[in-house]
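Peer 1: This structure is in structure tokens; I'll ask about it shortly.
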Amino acid sequence: MNYWLLKSEPVKYAWGQMLKDKKTFWDGVRNYQARNNLKAMQKGDLCMFYHSNEGKEVVGIVKVVKTAYQDPTTDDSNWVVVDVAPFKALKQPVTLEQIKSDKRLANIGLIRQGRLSVMPLTPFEFDTILELSEQS
């Protein structure tokens, strides 16, 4: 299994909407590196759901339920989507500040490539974020 982080502005698509929809395709990716990350996703992979711009926090986990296919929002065959479904809400959101201040996460893509909307996480980074969400 692989781990990922997906970024979404809450005004465009929030965690609450994901819970209502129960499944969605992850569209709108127009960066080649992020697109390649979508193409690398496998069914069953887990993705941290990160609210960007507003909130700036990891709020939940989604599971990849369908691998990459043509993005239905464009005729350009360069772009793909994956289907994801809610897996688990985090006990407590994990803020960007918490991530930046935790030395164990110094090399996480969220800090190194802050503008990238779809990025891989190591199992250690994934588990560390889960651990931070359990702290009150």
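Letters for chains follow the order of the structure tokens (A, B, ...), residue numbers begin at 1 for each chain, and ligand numbers begin at 1 in the order shown.
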Report as a ChimeraX atom specification all protein, DNA and RNA residues lying within 12 Å of Lys103 in chain A, evaluated on only C-alpha atoms, omitting residues in the same chain fewer than 5 positions from it.

Peer 2: /A:97-98,108,111,125,128

Peer 1: Would you write out those residues with N, CA and C atoms, as an mmCIF file, in the first residue's frame?

Peer 2:
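Output (part_27.cif):
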data_model
loop_
_atom_site.group_PDB
_atom_site.id
_atom_site.type_symbol
_atom_site.label_atom_id
_atom_site.label_comp_id
_atom_site.auth_asym_id
_atom_site.auth_seq_id
_atom_site.Cartn_x
_atom_site.Cartn_y
_atom_site.Cartn_z
ATOM 1 N N GLU A 97 1.073 24.219 10.841
ATOM 2 C CA GLU A 97 2.012 24.653 11.886
ATOM 3 C C GLU A 97 2.549 23.464 12.684
ATOM 4 N N GLN A 98 1.659 22.541 13.054
ATOM 5 C CA GLN A 98 2.097 21.344 13.776
ATOM 6 C C GLN A 98 3.075 20.528 12.935
ATOM 7 N N ILE A 108 8.856 16.320 4.669
ATOM 8 C CA ILE A 108 7.568 16.036 4.043
ATOM 9 C C ILE A 108 7.337 16.966 2.840
ATOM 10 N N ILE A 111 5.870 20.578 3.000
ATOM 11 C CA ILE A 111 6.747 21.706 3.319
ATOM 12 C C ILE A 111 7.695 21.989 2.150
ATOM 13 N N GLU A 125 5.712 9.218 7.596
ATOM 14 C CA GLU A 125 5.031 10.524 7.607
ATOM 15 C C GLU A 125 3.535 10.352 7.864
ATOM 16 N N THR A 128 3.027 9.422 11.479
ATOM 17 C CA THR A 128 3.328 10.556 12.352
ATOM 18 C C THR A 128 2.167 11.538 12.373
#

Peer 1: Quick check for you: according to DSSP on this backbone, which residues of chain A are classed as helix (DSSP H, G or I)? Reply as a VMD selection string.

Peer 2: chain A and resid 15 to 21 32 to 40 96 to 101 103 to 105 109 to 112 123 to 134

Peer 1: Applying 10 Å and only C-alpha atoms, which residues near Asn36 in chain A remain after dropping the ones on its own chain fewer than 2 positions away? List them as a PyMOL selection string.

Peer 2: chain A and resi 31-34+38-41+68+79-80+118-119

Peer 1: Which residues are close to Val11 in chain A, i.e. within 10 Å by only C-alpha atoms, leaving aside same-chain residues fewer than 5 positions away? Reply as a list of chain:residue names.

Peer 2: A:His51, A:Ser52, A:Asn53, A:Glu54

Peer 1: Output C-alpha atoms for every residue in the selection just made, as a PDB file, in the first residue's frame.

Peer 2:
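To be explicit, this is the file written out as again_35.pdb:
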ATOM      1  CA  HIS A  51      -7.645  21.687   3.541  1.00  0.00           C
ATOM      2  CA  SER A  52      -5.442  24.235   1.775  1.00  0.00           C
ATOM      3  CA  ASN A  53      -5.639  28.047   1.896  1.00  0.00           C
ATOM      4  CA  GLU A  54      -8.350  28.097   4.587  1.00  0.00           C
TER       5      GLU A  54
END

Peer 1: Kindly indicate which residue among A:Gln135, A:Thr95, A:Ser101, A:Gln42 lies nearest to Val59 in chain A, using only C-alpha atoms for the distances.

Peer 2: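 Counting only C-alpha atoms, the residue closest to Val59 in chain A is A:Thr95.
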
Peer 1: Go through A:Lys22, A:Val81, A:Met48, A:Pro123 one by one, measure the shortest atom-to-atom distance of each to Asn2 in chain A using only C-alpha atoms, and give the residue with the smallest value.

Peer 2: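 Answer, going by the shortest atom-to-atom distance: A:Pro123.
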
Peer 1: Could you list, as a PDB file with C-alpha atoms, in the first residue's frame, every residue within 12 Å of Ile99 in chain A, counting only C-alpha atoms and ignoring same-chain residues fewer than 2 positions away?

Peer 2:
ATOM      1  CA  TYR A  50      -5.703  18.409   3.481  1.00  0.00           C
ATOM      2  CA  LYS A  56      -4.349  24.560   6.348  1.00  0.00           C
ATOM      3  CA  GLU A  57      -4.843  21.259   8.118  1.00  0.00           C
ATOM      4  CA  VAL A  58      -5.147  17.530   7.512  1.00  0.00           C
ATOM      5  CA  PRO A  93      -7.124  18.080  12.592  1.00  0.00           C
ATOM      6  CA  VAL A  94      -3.353  18.369  12.180  1.00  0.00           C
ATOM      7  CA  THR A  95      -2.369  21.891  11.204  1.00  0.00           C
ATOM      8  CA  LEU A  96       0.402  22.964   8.880  1.00  0.00           C
ATOM      9  CA  GLU A  97       2.012  24.653  11.886  1.00  0.00           C
ATOM     10  CA  SER A 101       7.173  22.269  13.983  1.00  0.00           C
ATOM     11  CA  ASP A 102       7.588  18.480  14.174  1.00  0.00           C
ATOM     12  CA  LYS A 103      11.219  17.641  13.320  1.00  0.00           C
ATOM     13  CA  ARG A 104      10.174  14.136  12.233  1.00  0.00           C
ATOM     14  CA  LEU A 105       8.304  15.745   9.313  1.00  0.00           C
ATOM     15  CA  ALA A 106      11.101  18.078   8.171  1.00  0.00           C
ATOM     16  CA  ASN A 107      11.295  16.429   4.727  1.00  0.00           C
ATOM     17  CA  ILE A 108       7.568  16.036   4.043  1.00  0.00           C
ATOM     18  CA  GLY A 109       6.480  17.192   0.587  1.00  0.00           C
ATOM     19  CA  LEU A 110       3.887  19.513   2.091  1.00  0.00           C
ATOM     20  CA  ILE A 111       6.747  21.706   3.319  1.00  0.00           C
ATOM     21  CA  ARG A 112       9.259  21.119   0.511  1.00  0.00           C
ATOM     22  CA  GLU A 125       5.031  10.524   7.607  1.00  0.00           C
ATOM     23  CA  PHE A 126       1.515   9.080   7.386  1.00  0.00           C
ATOM     24  CA  THR A 128       3.328  10.556  12.352  1.00  0.00           C
ATOM     25  CA  ILE A 129       0.397  12.683  11.183  1.00  0.00           C
ATOM     26  CA  LEU A 130      -1.997  10.071  12.611  1.00  0.00           C
ATOM     27  CA  GLU A 131      -0.092  10.200  15.906  1.00  0.00           C
ATOM     28  CA  LEU A 132      -0.345  14.013  15.994  1.00  0.00           C
ATOM     29  CA  SER A 133      -4.094  13.788  15.406  1.00  0.00           C
TER      30      SER A 133
END

Peer 1: Would you return as a VMD selection string the members of range 8-125 of chain A that DSSP assigns to strand (DSSP E or B) on this structure's backbone?

Peer 2: chain A and resid 8 24 to 25 46 to 51 57 to 70 80 to 95 118 to 121

Peer 1: Would you write out those residues with N, CA and C atoms, as a CSV table (one decimal), in the first residue's frame?

Peer 2:
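Resulting contents of selection01.csv:
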chain,number,residue,atom,x,y,z
A,8,SER,N,-7.1,20.2,-1.1
A,8,SER,CA,-8.3,20.8,-1.6
A,8,SER,C,-8.7,22.1,-0.8
A,24,THR,N,-16.1,10.3,-4.7
A,24,THR,CA,-15.9,11.3,-5.7
A,24,THR,C,-14.7,11.0,-6.6
A,25,PHE,N,-14.6,11.7,-7.7
A,25,PHE,CA,-13.4,11.6,-8.5
A,25,PHE,C,-12.6,12.9,-8.2
A,46,LEU,N,-4.1,4.8,0.7
A,46,LEU,CA,-4.8,5.8,1.6
A,46,LEU,C,-4.2,7.2,1.4
A,47,CYS,N,-5.0,8.2,1.4
A,47,CYS,CA,-4.6,9.6,1.2
A,47,CYS,C,-5.1,10.5,2.3
A,48,MET,N,-4.2,11.3,2.8
A,48,MET,CA,-4.6,12.3,3.8
A,48,MET,C,-5.3,13.4,3.0
A,49,PHE,N,-6.4,13.9,3.6
A,49,PHE,CA,-7.2,15.0,3.0
A,49,PHE,C,-6.9,16.3,3.7
A,50,TYR,N,-6.2,17.2,2.9
A,50,TYR,CA,-5.7,18.4,3.5
A,50,TYR,C,-6.5,19.6,3.0
A,51,HIS,N,-7.0,20.4,3.9
A,51,HIS,CA,-7.6,21.7,3.5
A,51,HIS,C,-6.6,22.7,3.3
A,57,GLU,N,-4.9,22.4,7.2
A,57,GLU,CA,-4.8,21.3,8.1
A,57,GLU,C,-5.3,20.0,7.5
A,58,VAL,N,-4.7,18.9,7.9
A,58,VAL,CA,-5.1,17.5,7.5
A,58,VAL,C,-6.4,17.2,8.4
A,59,VAL,N,-7.5,16.9,7.7
A,59,VAL,CA,-8.7,16.6,8.4
A,59,VAL,C,-9.3,15.2,8.4
A,60,GLY,N,-8.8,14.4,7.4
A,60,GLY,CA,-9.3,13.1,7.3
A,60,GLY,C,-8.5,12.2,6.3
A,61,ILE,N,-8.9,11.0,6.1
A,61,ILE,CA,-8.3,10.1,5.2
A,61,ILE,C,-9.3,9.5,4.3
A,62,VAL,N,-8.9,9.5,3.0
A,62,VAL,CA,-9.7,8.8,2.0
A,62,VAL,C,-9.0,7.7,1.4
A,63,LYS,N,-9.7,6.7,0.8
A,63,LYS,CA,-9.2,5.5,0.2
A,63,LYS,C,-9.4,5.6,-1.3
A,64,VAL,N,-8.4,5.2,-2.1
A,64,VAL,CA,-8.5,5.1,-3.5
A,64,VAL,C,-9.4,3.9,-3.8
A,65,VAL,N,-10.5,4.1,-4.5
A,65,VAL,CA,-11.4,3.0,-4.8
A,65,VAL,C,-11.4,2.7,-6.3
A,66,LYS,N,-10.8,3.6,-7.2
A,66,LYS,CA,-10.7,3.3,-8.6
A,66,LYS,C,-9.4,4.0,-9.1
A,67,THR,N,-8.6,3.3,-9.8
A,67,THR,CA,-7.3,3.9,-10.3
A,67,THR,C,-7.6,4.9,-11.4
A,68,ALA,N,-6.5,5.5,-11.9
A,68,ALA,CA,-6.5,6.6,-12.8
A,68,ALA,C,-7.3,6.3,-14.1
A,69,TYR,N,-8.1,7.3,-14.5
A,69,TYR,CA,-8.8,7.3,-15.8
A,69,TYR,C,-9.0,8.7,-16.3
A,70,GLN,N,-9.4,8.9,-17.5
A,70,GLN,CA,-9.5,10.2,-18.2
A,70,GLN,C,-10.3,11.1,-17.3
A,80,VAL,N,-5.9,13.1,-15.7
A,80,VAL,CA,-6.6,11.9,-15.2
A,80,VAL,C,-7.2,12.3,-13.8
A,81,VAL,N,-8.0,11.4,-13.4
A,81,VAL,CA,-8.6,11.4,-12.0
A,81,VAL,C,-8.5,10.0,-11.4
A,82,VAL,N,-8.7,10.0,-10.1
A,82,VAL,CA,-8.9,8.7,-9.4
A,82,VAL,C,-10.2,8.9,-8.6
A,83,ASP,N,-10.9,7.8,-8.3
A,83,ASP,CA,-12.0,7.9,-7.4
A,83,ASP,C,-11.5,7.6,-6.0
A,84,VAL,N,-12.0,8.4,-5.0
A,84,VAL,CA,-11.7,8.2,-3.6
A,84,VAL,C,-13.0,8.2,-2.8
A,85,ALA,N,-13.0,7.6,-1.7
A,85,ALA,CA,-14.1,7.5,-0.7
A,85,ALA,C,-13.6,7.8,0.7
A,86,PRO,N,-14.4,8.3,1.5
A,86,PRO,CA,-14.0,8.6,2.9
A,86,PRO,C,-13.6,7.3,3.6
A,87,PHE,N,-12.5,7.4,4.3
A,87,PHE,CA,-12.1,6.2,5.1
A,87,PHE,C,-12.2,6.5,6.6
A,88,LYS,N,-11.7,7.7,7.0
A,88,LYS,CA,-11.7,8.0,8.4
A,88,LYS,C,-11.4,9.4,8.7
A,89,ALA,N,-12.2,10.0,9.6
A,89,ALA,CA,-11.9,11.4,10.0
A,89,ALA,C,-10.8,11.3,11.0
A,90,LEU,N,-10.0,12.3,11.0
A,90,LEU,CA,-8.9,12.4,12.1
A,90,LEU,C,-9.6,12.8,13.4
A,91,LYS,N,-9.0,12.3,14.5
A,91,LYS,CA,-9.6,12.6,15.8
A,91,LYS,C,-9.5,14.1,16.0
A,92,GLN,N,-8.4,14.7,15.7
A,92,GLN,CA,-8.1,16.2,15.7
A,92,GLN,C,-7.5,16.5,14.4
A,93,PRO,N,-7.9,17.6,13.8
A,93,PRO,CA,-7.1,18.1,12.6
A,93,PRO,C,-5.7,18.3,13.0
A,94,VAL,N,-4.8,18.1,12.0
A,94,VAL,CA,-3.4,18.4,12.2
A,94,VAL,C,-3.0,19.6,11.3
A,95,THR,N,-2.6,20.6,11.9
A,95,THR,CA,-2.4,21.9,11.2
A,95,THR,C,-1.0,21.9,10.5
A,118,VAL,N,-1.0,17.0,-5.2
A,118,VAL,CA,-1.1,15.6,-5.0
A,118,VAL,C,0.3,15.1,-4.8
A,119,MET,N,0.6,14.6,-3.6
A,119,MET,CA,2.0,14.2,-3.3
A,119,MET,C,2.1,12.9,-2.5
A,120,PRO,N,3.2,12.2,-2.7
A,120,PRO,CA,3.4,11.0,-1.9
A,120,PRO,C,3.7,11.3,-0.4
A,121,LEU,N,3.4,10.3,0.4
A,121,LEU,CA,3.8,10.4,1.8
A,121,LEU,C,4.5,9.0,2.1

Peer 1: Any idea what the distance is between CA of Asp27 in chain A and CA of Asn78 in chain A?

Peer 2: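 Interatomic distance, CA of Asp27 in chain A to CA of Asn78 in chain A: 12.4 Å.
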
Peer 1: Go ahead and compute the interatomic distance for CA of Thr73 in chain A and CA of Trp26 in chain A, in Å to one decimal.

Peer 2: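 So the answer is 10.6 Å.
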
Peer 1: What does the distance between CA of Asp75 in chain A and CA of Lys7 in chain A come to in Å, to one decimal place?

Peer 2: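 Pair CA of Asp75 in chain A / CA of Lys7 in chain A returns 23.2 Å.
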
Peer 1: For Ser117 in chain A, which of A:Glu134, A:Gly16, A:Lys23, A:Arg30 is the closest residue, counting only C-alpha atoms?

Peer 2: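 Using only C-alpha atoms, the shortest distance to Ser117 in chain A belongs to A:Arg30.
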